[in-house]
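Asks: Below: one structure in structure tokens.
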Amino acid sequence: MRDELLKKRWETLQNRLSTQFADGDTMELDAIIYLVGVQELGKPQAKFKKDDKVNLMHIAICTLLEPYGFYEFDFVDEDGWPHFNNISKLPVLKAGEQTVLMKEALVSYFLKREYIE
């Protein structure tokens, strides 16, 4: 039951974001994680360099995994970039398990912000 609900919510989230940000082309997991990073940085109109894009992914992953107890917010630096502390070692997961964890974290993130139901 839980897996079906996650699947339904993930498809809803993916479809909605794809329509809003990718002209209907299906956005993959990494692209949605990147969007969370941009959202958390709070600079949606900025142009980012390759290194910045990696850092945006890191911000997103830390934000998404914070409720699971893996990271905690530390501070925002003088350039406005948030920093996190790793407070719990991430478990060793198979690729499919990592994907499920990140989809679950993304669905939770967007539910909390009332973007999806």
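Residue numbering restarts at 1 for every chain of the structure tokens, chains are lettered A, B, ... in their displayed order, and ligands are numbered from 1 as they appear.
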So which residues touch range 53-69 of chain A within 10 Å, counting only C-alpha atoms, skipping near sequence neighbours fewer than 4 positions away, as a PDB file with C-alpha atoms, in the first residue's frame?

Replies:
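This went into around18.pdb:
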ATOM      1  CA  ASP A  30      18.523  14.302 -10.885  1.00  0.00           C
ATOM      2  CA  ALA A  31      16.769  17.234 -12.543  1.00  0.00           C
ATOM      3  CA  ILE A  32      14.186  17.378  -9.764  1.00  0.00           C
ATOM      4  CA  ILE A  33      16.917  17.219  -7.119  1.00  0.00           C
ATOM      5  CA  TYR A  34      18.642  20.102  -8.919  1.00  0.00           C
ATOM      6  CA  LEU A  35      15.398  22.128  -8.786  1.00  0.00           C
ATOM      7  CA  VAL A  36      15.252  21.612  -5.019  1.00  0.00           C
ATOM      8  CA  GLY A  37      18.801  22.949  -4.753  1.00  0.00           C
ATOM      9  CA  VAL A  38      17.889  26.061  -6.736  1.00  0.00           C
ATOM     10  CA  GLN A  39      14.775  26.505  -4.591  1.00  0.00           C
ATOM     11  CA  GLU A  40      16.724  26.166  -1.355  1.00  0.00           C
ATOM     12  CA  LEU A  41      19.399  28.611  -2.518  1.00  0.00           C
ATOM     13  CA  LYS A  47      23.015  31.412 -14.084  1.00  0.00           C
ATOM     14  CA  PHE A  48      25.133  28.669 -12.555  1.00  0.00           C
ATOM     15  CA  LYS A  49      28.557  27.312 -13.464  1.00  0.00           C
ATOM     16  CA  PHE A  73      21.567  22.822   8.659  1.00  0.00           C
ATOM     17  CA  TRP A  81      24.857  29.401   0.191  1.00  0.00           C
ATOM     18  CA  PRO A  82      23.562  27.092   2.948  1.00  0.00           C
ATOM     19  CA  HIS A  83      25.945  24.683   4.637  1.00  0.00           C
ATOM     20  CA  PHE A  84      25.135  21.442   6.425  1.00  0.00           C
ATOM     21  CA  ASN A  85      26.814  19.080   8.843  1.00  0.00           C
ATOM     22  CA  ASN A  86      26.697  15.340   8.285  1.00  0.00           C
ATOM     23  CA  ILE A  87      25.442  13.997  11.606  1.00  0.00           C
ATOM     24  CA  SER A  88      24.769  10.376  10.753  1.00  0.00           C
ATOM     25  CA  LYS A  89      26.504   8.040   8.359  1.00  0.00           C
ATOM     26  CA  LEU A  90      24.446   7.281   5.272  1.00  0.00           C
ATOM     27  CA  LEU A 101      14.908   6.866  -0.735  1.00  0.00           C
ATOM     28  CA  MET A 102      15.366   9.975  -2.859  1.00  0.00           C
ATOM     29  CA  LYS A 103      11.904   9.693  -4.424  1.00  0.00           C
ATOM     30  CA  GLU A 104      10.422   9.297  -0.943  1.00  0.00           C
ATOM     31  CA  ALA A 105      12.392  12.322   0.293  1.00  0.00           C
ATOM     32  CA  LEU A 106      11.327  14.418  -2.718  1.00  0.00           C
ATOM     33  CA  VAL A 107       7.673  13.491  -2.331  1.00  0.00           C
ATOM     34  CA  SER A 108       7.879  14.389   1.357  1.00  0.00           C
ATOM     35  CA  TYR A 109       9.573  17.717   0.549  1.00  0.00           C
TER      36      TYR A 109
END

Asks: For the structure I just gave you, how does DSSP split chain A - specifically, which residues are strand (DSSP E)? Reply as a ChimeraX atom specification.

Replies: /A:71-76,82-86

Asks: What parts of range 6-82 of chain A does DSSP call helix (DSSP H, G or I)? I'd like the answer as a ChimeraX atom specification.

Replies: /A:6-21,29-41,50-68

Asks: Closest to Met27 in chain A among A:Ile116, A:Leu13, A:Val100, A:Leu111, using only C-alpha atoms?

Replies: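 Between A:Ile116, A:Leu13, A:Val100, A:Leu111, the residue approaching Met27 in chain A most closely is A:Leu13.
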
Asks: Which residue gives the smallest distance to Glu28 in chain A among A:Leu5, A:Gln14, A:Phe70, A:Gln45, with only C-alpha atoms counted?

Replies: A:Gln14

Asks: Take CA of Tyr115 in chain A and CA of Arg16 in chain A and report the distance between them in Å, one decimal.

Replies: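 About the pair CA of Tyr115 in chain A and CA of Arg16 in chain A: they are 9.0 Å apart.
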